Amino acid sequence: MANGSLQVSLRKLHEVILEERLAARELAVDKMLHITEEKEGLLKEMLPLVESAEDLTPEERELAETVHTENLRNAYFFWSALNWVRESMGFIRDQMYPEAYAESGSVVTGRYSGALLSGRV
């Protein structure tokens with residue numbers, strides 16, 4: 001592949017990263033999986049094109065930095081979303097197993113979920 005093809009691949013990778021973020025915002029999991037496969041394919045194609053950063057033209061270096069920045073933004077977005085899911089799961093778990101007080105006054109965690117959460121009314 002020629003060097004011009006590296007620029008084309010970097011531009012395509014940039015577009016794919018932006019699509020990935022949009023799919024994540026929309027919670028379109030199937031679309032995200034497809035985009036991730038496309039992104040991996042592009043990265044594998046580009047790997048043999050460059051041996052080191054010194055081989056890049058100024059335009060390619062600028063595109064590579066843009067791709068890197070956008071990919072980091074996605075990573076931060078995914079990390080924040082994962083933490084939100086963990087917090088939500090913890091909240092739900094706490095609601096399913098509420099704390100109660102034993103006769104001695106000590107706190108005990110119940111083994112029963114609430115009627116609405118368990119489906120038993």
# chains A, B, ... in the order shown; residues from 1 in each chain; ligands from 1

call {"tool": "residues_around", "arguments": {"residues": "Lys12 (chain A)", "least_positions_apart": "2", "cutoff": "12 Å", "atoms": "only C-alpha atoms", "output": "list of chain:residue names"}}
result
A:Ser5, A:Leu6, A:Gln7, A:Val8, A:Ser9, A:Leu10, A:His14, A:Glu15, A:Val16, A:Ile17, A:Leu18, A:Glu19, A:Ile35, A:Glu38, A:Lys39, A:Gly41, A:Leu42, A:Leu43, A:Glu45, A:Met46, A:Leu63, A:Ala64, A:Val67

call {"tool": "select_by_dssp", "arguments": {"residues": "chain A", "states": "helix (DSSP H, G or I)", "output": "count of residues only"}}
result
90

call {"tool": "atom_distance", "arguments": {"atom1": "CA of Ser80 (chain A)", "atom2": "CA of Met96 (chain A)"}}
result
24.4 Å
